[in-house]
Amino acid sequence: MPEPPLTGLRVIDMAGEPLAMAGRILADLGAQVIKLEPPGGDPLRKRAPLHPGNGTSLRFLACNAGKTSVEYRACEATDELLAGAHLVIETPGFPGALELDRSMAPHAVWLRATPFGQHGPRSRWRASDLGLLAAGGNLFATGCPDRPPVRCAEPAAYAHAASEAVFALLTALAGGAPRTVDLAMSEVVMLANMGGAGQFPSTGRRGQRMGAALGATREIWRCADGHVSFGLRGGPARAHNFDILLREMDRDGIDTTAWAGRDWLRFDAAALDAGELAALEQPLADYFSRHGMTELYNLAVATNLMLAPANGAAQVLAAEQLAAREFFTTLDGVGALPARFAILRDAQGTACTTVPSPPPALGAGPVPRWPPVAAAPRTARRPWHGLKLLEFGSGAAGPIAGRYFVEQGATVVKVESTRHPDFLRVMSRGEPQGLESSPLFNALNPGKLSVTLNLRCDEGIAVAKALCHWADAVIENFAPSAMRKYGLDYASMAADKPDLIMLSTCLNGQTGPHRDYPGFGGQGAALCGFNHLTGWPDREPIGPYGTITDSLSPRFAAAALAAALLHHRRTGQGLHLDLAQVETGAYCLAPWLLEYAVTGTDSPRRGNRHPEASPHGVFPCAGKERWLAIACWSDDEWRRLAQVAGLDAAAHPTLAARLRDNDAIEALLADFTRQRDAQQLACELQDAGVEAVPVADFGDLFEDAQQWAARAHFIALERARTGVFHYERNGYRLDNDAGGYASPTPLLGEHTGQVLQQQLGYSAGRIAQLRAAGALD
């Protein structure tokens, strides 16, 4: 079997829970990961629920497969271990996490992850998942309009942070060590808003909680045994949905008069009044209520209907598609865990993915003897300077992955079409600047070069193949059959270019019985379980704002591609990276899935409550839509909160007592907070040692002249036809950081001639011939 891409890479993992999954991702890519634990072990080992067989936390087990445990002792052996590390991961300030001096690993890339980064007025603030989501704006826009903002029951902010940390580490390594990486986890969360904060000056949108709706129409529908995700929206990609559903509703004898005679290609739900919309939704709600989740999903798979069940743990573990791709593995003494987050294959089609070992017992086995690491040559240029990427596809998942490399110096050529433009461009077709008006497309594609090609003619395909040969790597997020149709798939291209690296990222991956099932992030979040876990127990499952797989999977995609590029530098070998967006979501939910596999318990939606903290919630403050996220993780923190709020701490002295009386405590606390300014109260509570973070909306993020200005998060660039736009940087900074975007998002086809001339060496005459032949769209 070919070696995994990070074979030989040595990692010291000192991270607490927020970045525990980062080491797991690196181990899955082939790195040797030592979990260096504080004396007595990582506190996460004791976090309930515990495995009934070995008494270890199920969350710890899920996050630490593939690692080796060493219990830290101040001795020569651990000094040598640190001196031999290529990468070090640390979460300073997180309770119970090990913290060591940077000088102990002098030649390593050392990543420090904190809630707000090393600089800025909130650099010393505390924040767990709840506070990170609040600070990053994603919490504000998640939930129902008549209730407080709400989080996912599993820590979504930690999932974002861990996957971005891996890309940041490998990027720093690509630029030469030693380097220090400063990761601000709340800033990472900001990017899950799909550019919402950067769009604020041009749109004025602060974010809005929509509940079960997405835009004008309902997105989550009750069915006979649960819920399904389906968008009542028109357009070329969705028009066929209505033919399918009309046929099915007619079979059930449902009155579909309101659906008759509509042009679904041009259907716009936002143009309807409330009465018309209700008349359209009623027959569909009736139809869904008569059928179960599995039956409806089977129909979707058979007909390419864009519908997905809001899967619980049982459905995810039993999913036919995941089983066909051997996504889960059963580890001795542990249970069912995701085996990996992507499938990596060489040019011969042989998989080179590691099989994770069971999570380690504390200090199990001897301390490895690693030779010292020599300092690598460090470039003054951005780490991915000189890298050439070619990007096919549309939407968010592929383009966001490409944007990660643009920020650190790569040249990314984006292949587009004037006949079939990116659907994110089409969203704003009716605006004054037409296809150039979309704030979302603009937010996701800065710094790229746009080329338009007609892939329905031989000359256009020939140009695309020439660009593939020019590129160091190719990113595509089409449906699996699309690239094969044009002869641009990995197998075809690798026959001529065996060292090709190609990242293919679609909803369900390149293989399996459901590989051709179409869908967007809404379907991905439903299938992997994020919808099921987000919301209130008495309401529909809703999923985190921004259809989380659209923002989560690109972080994994970028990390996998970075690993493949480093592997190519070392070996000259190509790889095909097959990344399913649903699988990256399920991978991040491994603790929840393991709990069900071992105990049969499917943790429900629980609003903002947490089984290990009380109070733990979002509380109203003075002003319209002003909220404060507060979490108490110990009895001492509760006493400090009670003193500030004027509450009787002695009435609920223990966590168990507070959990029993959560309703009363939350009501008393809300009576106190609604009289106070959120920012001022947060500062007072943070000074008292209590986690308290204002819930920021998108406008707050953009207008924060201190915290995000200190990290130069927004980059203002003038774009032709649409004016100044504020592009957002990712959540990490390298020391002596020169990252950012040199140019705005391109106009459609803006660089076609330039790229063909400069990158491919075509003459002006040759380009004119191609244009005349229709090859340039």
# chains A, B, ... in the order shown; residues from 1 in each chain; ligands from 1
$ residues_around --residues "Arg539 (chain A)" --least-positions-apart "2" --cutoff "12 Å" --atoms "only C-alpha atoms" --output "PyMOL selection string"
chain A and resi 143-144+146-147+150+211-212+220-222+226-227+531-537+541-543+604-607
$ closest_atom_pairs --of "region 107-147 of chain A" --to "region 702-723 of chain A" --cutoff "8 Å" --atoms "only C-alpha atoms" --output "JSON lines"
{"residue": "A:His119", "atom": "CA", "partner": "A:Ala710", "partner_atom": "CA", "distance": 6.6}
{"residue": "A:Gly120", "atom": "CA", "partner": "A:Gln707", "partner_atom": "CA", "distance": 4.9}
{"residue": "A:Pro121", "atom": "CA", "partner": "A:Gln707", "partner_atom": "CA", "distance": 5.9}
{"residue": "A:Arg122", "atom": "CA", "partner": "A:Gln707", "partner_atom": "CA", "distance": 6.7}
$ closest_residue --among "A:Thr599, A:Thr654, A:Asn736, A:Thr330" --to "Pro178 (chain A)" --atoms "only C-alpha atoms"
A:Asn736
$ closest_atom_pairs --of "region 168-215 of chain A" --to "region 10-28 of chain A" --cutoff "10 Å" --atoms "only C-alpha atoms" --output "JSON lines"
{"residue": "A:Leu169", "atom": "CA", "partner": "A:Leu26", "partner_atom": "CA", "distance": 9.9}
{"residue": "A:Leu170", "atom": "CA", "partner": "A:Leu26", "partner_atom": "CA", "distance": 9.7}
{"residue": "A:Met185", "atom": "CA", "partner": "A:Pro18", "partner_atom": "CA", "distance": 8.8}
$ residues_around --residues "Leu589 (chain A)" --least-positions-apart "3" --cutoff "10 Å" --atoms "only C-alpha atoms" --output "JSON, numbers by chain"
{"A": [59, 62, 63, 154, 155, 156, 159, 313, 337, 338, 528, 529, 530, 533, 583, 584, 585, 586, 592, 593, 594]}
$ residues_around --residues "Asp225 (chain A)" --least-positions-apart "3" --cutoff "8 Å" --atoms "only C-alpha atoms" --output "PyMOL selection string"
chain A and resi 222+291-293
$ select_by_dssp --residues "region 178-362 of chain A" --states "strand (DSSP E or B)" --output "PDB file with C-alpha atoms, in the first residue's frame"
ATOM      1  CA  ARG A 179       7.251  29.363  12.784  1.00  0.00           C
ATOM      2  CA  THR A 180       4.621  30.264  15.328  1.00  0.00           C
ATOM      3  CA  VAL A 181       0.959  30.117  14.318  1.00  0.00           C
ATOM      4  CA  ASP A 182      -1.617  32.222  16.163  1.00  0.00           C
ATOM      5  CA  LEU A 183      -5.098  30.724  15.738  1.00  0.00           C
ATOM      6  CA  ALA A 184      -8.099  32.741  16.954  1.00  0.00           C
ATOM      7  CA  ALA A 213     -37.128  28.493   6.824  1.00  0.00           C
ATOM      8  CA  LEU A 214     -34.352  29.418   4.433  1.00  0.00           C
ATOM      9  CA  THR A 217     -39.777  29.381   2.163  1.00  0.00           C
ATOM     10  CA  ARG A 218     -39.695  26.496   4.610  1.00  0.00           C
ATOM     11  CA  ILE A 220     -37.323  21.793   7.241  1.00  0.00           C
ATOM     12  CA  TRP A 221     -40.560  19.796   7.021  1.00  0.00           C
ATOM     13  CA  ARG A 222     -42.162  17.340   9.399  1.00  0.00           C
ATOM     14  CA  CYS A 223     -42.697  13.864   7.956  1.00  0.00           C
ATOM     15  CA  GLY A 226     -39.088  12.798  11.740  1.00  0.00           C
ATOM     16  CA  HIS A 227     -38.057  15.659   9.500  1.00  0.00           C
ATOM     17  CA  VAL A 228     -36.652  16.221   6.017  1.00  0.00           C
ATOM     18  CA  SER A 229     -34.791  19.096   4.402  1.00  0.00           C
ATOM     19  CA  PHE A 230     -36.247  20.406   1.140  1.00  0.00           C
ATOM     20  CA  LEU A 307     -34.399  16.206  -0.411  1.00  0.00           C
ATOM     21  CA  ALA A 308     -32.561  14.776   2.594  1.00  0.00           C
ATOM     22  CA  PRO A 309     -33.638  13.302   5.939  1.00  0.00           C
ATOM     23  CA  PHE A 328     -16.859   3.456   9.842  1.00  0.00           C
ATOM     24  CA  THR A 329     -14.442   1.078  11.497  1.00  0.00           C
ATOM     25  CA  THR A 330     -14.951  -0.838  14.740  1.00  0.00           C
ATOM     26  CA  LEU A 331     -11.970  -0.567  17.076  1.00  0.00           C
ATOM     27  CA  GLY A 335     -16.790   0.792  19.137  1.00  0.00           C
ATOM     28  CA  ALA A 336     -17.697   2.303  15.782  1.00  0.00           C
ATOM     29  CA  LEU A 337     -15.677   5.360  14.748  1.00  0.00           C
ATOM     30  CA  PRO A 338     -15.135   7.163  11.449  1.00  0.00           C
ATOM     31  CA  ILE A 343     -10.245   8.605   0.639  1.00  0.00           C
ATOM     32  CA  LEU A 344      -6.780   9.124  -0.836  1.00  0.00           C
ATOM     33  CA  ARG A 345      -5.659   7.112  -3.871  1.00  0.00           C
ATOM     34  CA  ALA A 351      -5.846   3.698  -1.343  1.00  0.00           C
TER      35      ALA A 351
END
$ residues_around --residues "Glu750 (chain A)" --least-positions-apart "4" --cutoff "10 Å" --atoms "only C-alpha atoms" --output "number ranges by chain"
A: 449-452, 745-746, 754-755
$ residues_around --residues "Ala77 (chain A)" --least-positions-apart "2" --cutoff "10 Å" --atoms "only C-alpha atoms" --output "list in words"
Tyr72, Arg73, Ala74, Cys75, Asp79, Glu80, Leu81, Leu82, Ala83, Pro366, Val367, Pro368, Arg369 and Trp370 of chain A
$ write_last_selection --atoms "N, CA, C and O atoms" --output "short mmCIF file (atom, residue, chain, number, x, y, z; two decimals), in the first residue's frame"
data_model
loop_
_atom_site.label_atom_id
_atom_site.label_comp_id
_atom_site.auth_asym_id
_atom_site.auth_seq_id
_atom_site.Cartn_x
_atom_site.Cartn_y
_atom_site.Cartn_z
N TYR A 72 3.46 13.67 30.61
CA TYR A 72 4.59 14.59 30.69
C TYR A 72 5.31 14.47 32.02
O TYR A 72 4.72 14.48 33.08
N ARG A 73 6.62 14.38 31.94
CA ARG A 73 7.52 14.48 33.08
C ARG A 73 8.68 15.36 32.66
O ARG A 73 9.16 15.27 31.52
N ALA A 74 9.15 16.21 33.56
CA ALA A 74 10.31 17.06 33.25
C ALA A 74 11.56 16.20 33.29
O ALA A 74 12.18 16.01 34.34
N CYS A 75 11.90 15.63 32.15
CA CYS A 75 13.05 14.73 32.09
C CYS A 75 13.66 14.78 30.70
O CYS A 75 13.10 15.36 29.76
N ASP A 79 12.20 16.01 26.87
CA ASP A 79 12.92 17.10 26.21
C ASP A 79 13.34 16.69 24.80
O ASP A 79 13.20 17.47 23.84
N GLU A 80 13.85 15.46 24.68
CA GLU A 80 14.25 14.96 23.36
C GLU A 80 13.04 14.82 22.44
O GLU A 80 13.14 15.07 21.24
N LEU A 81 11.93 14.39 23.01
CA LEU A 81 10.70 14.23 22.23
C LEU A 81 10.29 15.56 21.61
O LEU A 81 9.98 15.66 20.42
N LEU A 82 10.28 16.61 22.41
CA LEU A 82 9.89 17.92 21.91
C LEU A 82 10.90 18.44 20.88
O LEU A 82 10.52 19.04 19.87
N ALA A 83 12.17 18.21 21.13
CA ALA A 83 13.20 18.68 20.19
C ALA A 83 13.10 17.97 18.85
O ALA A 83 13.57 18.50 17.83
N PRO A 366 6.54 2.83 25.66
CA PRO A 366 7.73 3.65 25.92
C PRO A 366 7.66 4.98 25.18
O PRO A 366 6.97 5.13 24.18
N VAL A 367 8.42 5.95 25.68
CA VAL A 367 8.53 7.24 25.00
C VAL A 367 9.35 7.05 23.74
O VAL A 367 10.46 6.53 23.79
N PRO A 368 8.84 7.45 22.57
CA PRO A 368 9.62 7.28 21.33
C PRO A 368 10.91 8.08 21.40
O PRO A 368 10.98 9.14 22.05
N ARG A 369 11.93 7.62 20.71
CA ARG A 369 13.20 8.35 20.60
C ARG A 369 13.26 8.99 19.23
O ARG A 369 13.51 8.33 18.23
N TRP A 370 12.99 10.27 19.20
CA TRP A 370 12.99 11.01 17.94
C TRP A 370 14.31 11.74 17.78
O TRP A 370 14.78 12.40 18.73
#
$ residues_around --residues "Thr114 (chain A)" --least-positions-apart "5" --cutoff "9 Å" --atoms "only C-alpha atoms" --output "PyMOL selection string"
chain A and resi 90-94+123-127+182-186
$ closest_residue --among "A:Arg378, A:Lys67, A:His160, A:Arg151" --to "Ala559 (chain A)" --atoms "only C-alpha atoms"
A:His160
$ closest_residue --among "A:Gly522, A:Gly402, A:Pro360, A:Pro49" --to "Ala310 (chain A)" --atoms "only C-alpha atoms"
A:Gly522
$ atom_distance --atom1 "CA of Ala260 (chain A)" --atom2 "CA of Ala285 (chain A)"
16.8 Å
$ select_by_dssp --residues "region 248-385 of chain A" --states "helix (DSSP H, G or I)" --output "ChimeraX atom specification"
/A:248-251,257-259,269-271,274-289,293-303,313-317,320-324
$ atom_distance --atom1 "CA of Thr549 (chain A)" --atom2 "CA of Ala397 (chain A)"
8.0 Å
$ closest_residue --among "A:Leu552, A:Val355, A:Leu272, A:Ala48" --to "Ala192 (chain A)" --atoms "only C-alpha atoms"
A:Leu552
$ decode --residues "region 664-696 of chain A" --atoms "N, CA and C atoms" --output "PDB file, in the first residue's frame"
ATOM      1  N   ALA A 664     -35.455  27.830  36.661  1.00  0.00           N
ATOM      2  CA  ALA A 664     -35.538  28.929  37.624  1.00  0.00           C
ATOM      3  C   ALA A 664     -34.280  29.788  37.591  1.00  0.00           C
ATOM      4  N   ILE A 665     -33.121  29.145  37.509  1.00  0.00           N
ATOM      5  CA  ILE A 665     -31.863  29.900  37.478  1.00  0.00           C
ATOM      6  C   ILE A 665     -31.792  30.775  36.233  1.00  0.00           C
ATOM      7  N   GLU A 666     -32.172  30.218  35.091  1.00  0.00           N
ATOM      8  CA  GLU A 666     -32.123  30.980  33.844  1.00  0.00           C
ATOM      9  C   GLU A 666     -33.093  32.164  33.888  1.00  0.00           C
ATOM     10  N   ALA A 667     -34.255  31.981  34.474  1.00  0.00           N
ATOM     11  CA  ALA A 667     -35.227  33.077  34.571  1.00  0.00           C
ATOM     12  C   ALA A 667     -34.687  34.207  35.446  1.00  0.00           C
ATOM     13  N   LEU A 668     -34.092  33.853  36.593  1.00  0.00           N
ATOM     14  CA  LEU A 668     -33.522  34.879  37.472  1.00  0.00           C
ATOM     15  C   LEU A 668     -32.368  35.609  36.801  1.00  0.00           C
ATOM     16  N   LEU A 669     -31.538  34.859  36.100  1.00  0.00           N
ATOM     17  CA  LEU A 669     -30.390  35.463  35.440  1.00  0.00           C
ATOM     18  C   LEU A 669     -30.843  36.376  34.301  1.00  0.00           C
ATOM     19  N   ALA A 670     -31.858  35.967  33.568  1.00  0.00           N
ATOM     20  CA  ALA A 670     -32.386  36.790  32.476  1.00  0.00           C
ATOM     21  C   ALA A 670     -32.973  38.096  33.015  1.00  0.00           C
ATOM     22  N   ASP A 671     -33.633  38.049  34.176  1.00  0.00           N
ATOM     23  CA  ASP A 671     -34.158  39.273  34.778  1.00  0.00           C
ATOM     24  C   ASP A 671     -33.030  40.265  35.070  1.00  0.00           C
ATOM     25  N   PHE A 672     -31.866  39.736  35.447  1.00  0.00           N
ATOM     26  CA  PHE A 672     -30.715  40.596  35.729  1.00  0.00           C
ATOM     27  C   PHE A 672     -30.077  41.117  34.439  1.00  0.00           C
ATOM     28  N   THR A 673     -29.820  40.236  33.473  1.00  0.00           N
ATOM     29  CA  THR A 673     -29.060  40.635  32.278  1.00  0.00           C
ATOM     30  C   THR A 673     -29.838  41.606  31.390  1.00  0.00           C
ATOM     31  N   ARG A 674     -31.162  41.498  31.351  1.00  0.00           N
ATOM     32  CA  ARG A 674     -31.911  42.349  30.413  1.00  0.00           C
ATOM     33  C   ARG A 674     -31.869  43.833  30.798  1.00  0.00           C
ATOM     34  N   GLN A 675     -31.353  44.120  31.958  1.00  0.00           N
ATOM     35  CA  GLN A 675     -31.202  45.520  32.374  1.00  0.00           C
ATOM     36  C   GLN A 675     -29.805  46.053  32.062  1.00  0.00           C
ATOM     37  N   ARG A 676     -28.937  45.193  31.567  1.00  0.00           N
ATOM     38  CA  ARG A 676     -27.527  45.566  31.429  1.00  0.00           C
ATOM     39  C   ARG A 676     -27.091  45.602  29.969  1.00  0.00           C
ATOM     40  N   ASP A 677     -26.073  46.437  29.702  1.00  0.00           N
ATOM     41  CA  ASP A 677     -25.432  46.457  28.389  1.00  0.00           C
ATOM     42  C   ASP A 677     -24.584  45.200  28.225  1.00  0.00           C
ATOM     43  N   ALA A 678     -24.734  44.520  27.106  1.00  0.00           N
ATOM     44  CA  ALA A 678     -24.066  43.224  26.915  1.00  0.00           C
ATOM     45  C   ALA A 678     -22.551  43.345  26.986  1.00  0.00           C
ATOM     46  N   GLN A 679     -21.980  44.349  26.351  1.00  0.00           N
ATOM     47  CA  GLN A 679     -20.525  44.491  26.319  1.00  0.00           C
ATOM     48  C   GLN A 679     -19.972  44.813  27.705  1.00  0.00           C
ATOM     49  N   GLN A 680     -20.613  45.731  28.387  1.00  0.00           N
ATOM     50  CA  GLN A 680     -20.132  46.110  29.721  1.00  0.00           C
ATOM     51  C   GLN A 680     -20.244  44.947  30.702  1.00  0.00           C
ATOM     52  N   LEU A 681     -21.350  44.215  30.646  1.00  0.00           N
ATOM     53  CA  LEU A 681     -21.524  43.084  31.552  1.00  0.00           C
ATOM     54  C   LEU A 681     -20.541  41.968  31.229  1.00  0.00           C
ATOM     55  N   ALA A 682     -20.267  41.756  29.948  1.00  0.00           N
ATOM     56  CA  ALA A 682     -19.282  40.736  29.564  1.00  0.00           C
ATOM     57  C   ALA A 682     -17.921  41.066  30.157  1.00  0.00           C
ATOM     58  N   CYS A 683     -17.507  42.333  30.062  1.00  0.00           N
ATOM     59  CA  CYS A 683     -16.218  42.733  30.622  1.00  0.00           C
ATOM     60  C   CYS A 683     -16.185  42.501  32.135  1.00  0.00           C
ATOM     61  N   GLU A 684     -17.274  42.837  32.806  1.00  0.00           N
ATOM     62  CA  GLU A 684     -17.334  42.673  34.258  1.00  0.00           C
ATOM     63  C   GLU A 684     -17.237  41.201  34.645  1.00  0.00           C
ATOM     64  N   LEU A 685     -17.947  40.353  33.928  1.00  0.00           N
ATOM     65  CA  LEU A 685     -17.925  38.927  34.255  1.00  0.00           C
ATOM     66  C   LEU A 685     -16.590  38.285  33.871  1.00  0.00           C
ATOM     67  N   GLN A 686     -16.030  38.670  32.746  1.00  0.00           N
ATOM     68  CA  GLN A 686     -14.718  38.130  32.380  1.00  0.00           C
ATOM     69  C   GLN A 686     -13.682  38.508  33.432  1.00  0.00           C
ATOM     70  N   ASP A 687     -13.736  39.748  33.918  1.00  0.00           N
ATOM     71  CA  ASP A 687     -12.803  40.163  34.974  1.00  0.00           C
ATOM     72  C   ASP A 687     -13.006  39.348  36.252  1.00  0.00           C
ATOM     73  N   ALA A 688     -14.235  38.868  36.441  1.00  0.00           N
ATOM     74  CA  ALA A 688     -14.532  38.051  37.626  1.00  0.00           C
ATOM     75  C   ALA A 688     -14.200  36.579  37.413  1.00  0.00           C
ATOM     76  N   GLY A 689     -13.750  36.213  36.212  1.00  0.00           N
ATOM     77  CA  GLY A 689     -13.383  34.822  35.944  1.00  0.00           C
ATOM     78  C   GLY A 689     -14.514  33.964  35.439  1.00  0.00           C
ATOM     79  N   VAL A 690     -15.537  34.594  34.828  1.00  0.00           N
ATOM     80  CA  VAL A 690     -16.687  33.863  34.302  1.00  0.00           C
ATOM     81  C   VAL A 690     -16.733  34.036  32.787  1.00  0.00           C
ATOM     82  N   GLU A 691     -16.969  32.966  32.068  1.00  0.00           N
ATOM     83  CA  GLU A 691     -17.104  33.054  30.619  1.00  0.00           C
ATOM     84  C   GLU A 691     -18.379  33.810  30.275  1.00  0.00           C
ATOM     85  N   ALA A 692     -18.232  34.939  29.615  1.00  0.00           N
ATOM     86  CA  ALA A 692     -19.374  35.754  29.183  1.00  0.00           C
ATOM     87  C   ALA A 692     -18.961  36.473  27.908  1.00  0.00           C
ATOM     88  N   VAL A 693     -19.709  36.267  26.825  1.00  0.00           N
ATOM     89  CA  VAL A 693     -19.347  36.814  25.518  1.00  0.00           C
ATOM     90  C   VAL A 693     -20.591  37.396  24.864  1.00  0.00           C
ATOM     91  N   PRO A 694     -20.560  38.665  24.433  1.00  0.00           N
ATOM     92  CA  PRO A 694     -21.704  39.218  23.703  1.00  0.00           C
ATOM     93  C   PRO A 694     -21.951  38.441  22.412  1.00  0.00           C
ATOM     94  N   VAL A 695     -23.220  38.262  22.077  1.00  0.00           N
ATOM     95  CA  VAL A 695     -23.577  37.595  20.825  1.00  0.00           C
ATOM     96  C   VAL A 695     -23.524  38.641  19.713  1.00  0.00           C
ATOM     97  N   ALA A 696     -22.509  38.551  18.884  1.00  0.00           N
ATOM     98  CA  ALA A 696     -22.292  39.541  17.833  1.00  0.00           C
ATOM     99  C   ALA A 696     -23.134  39.222  16.612  1.00  0.00           C
TER     100      ALA A 696
END
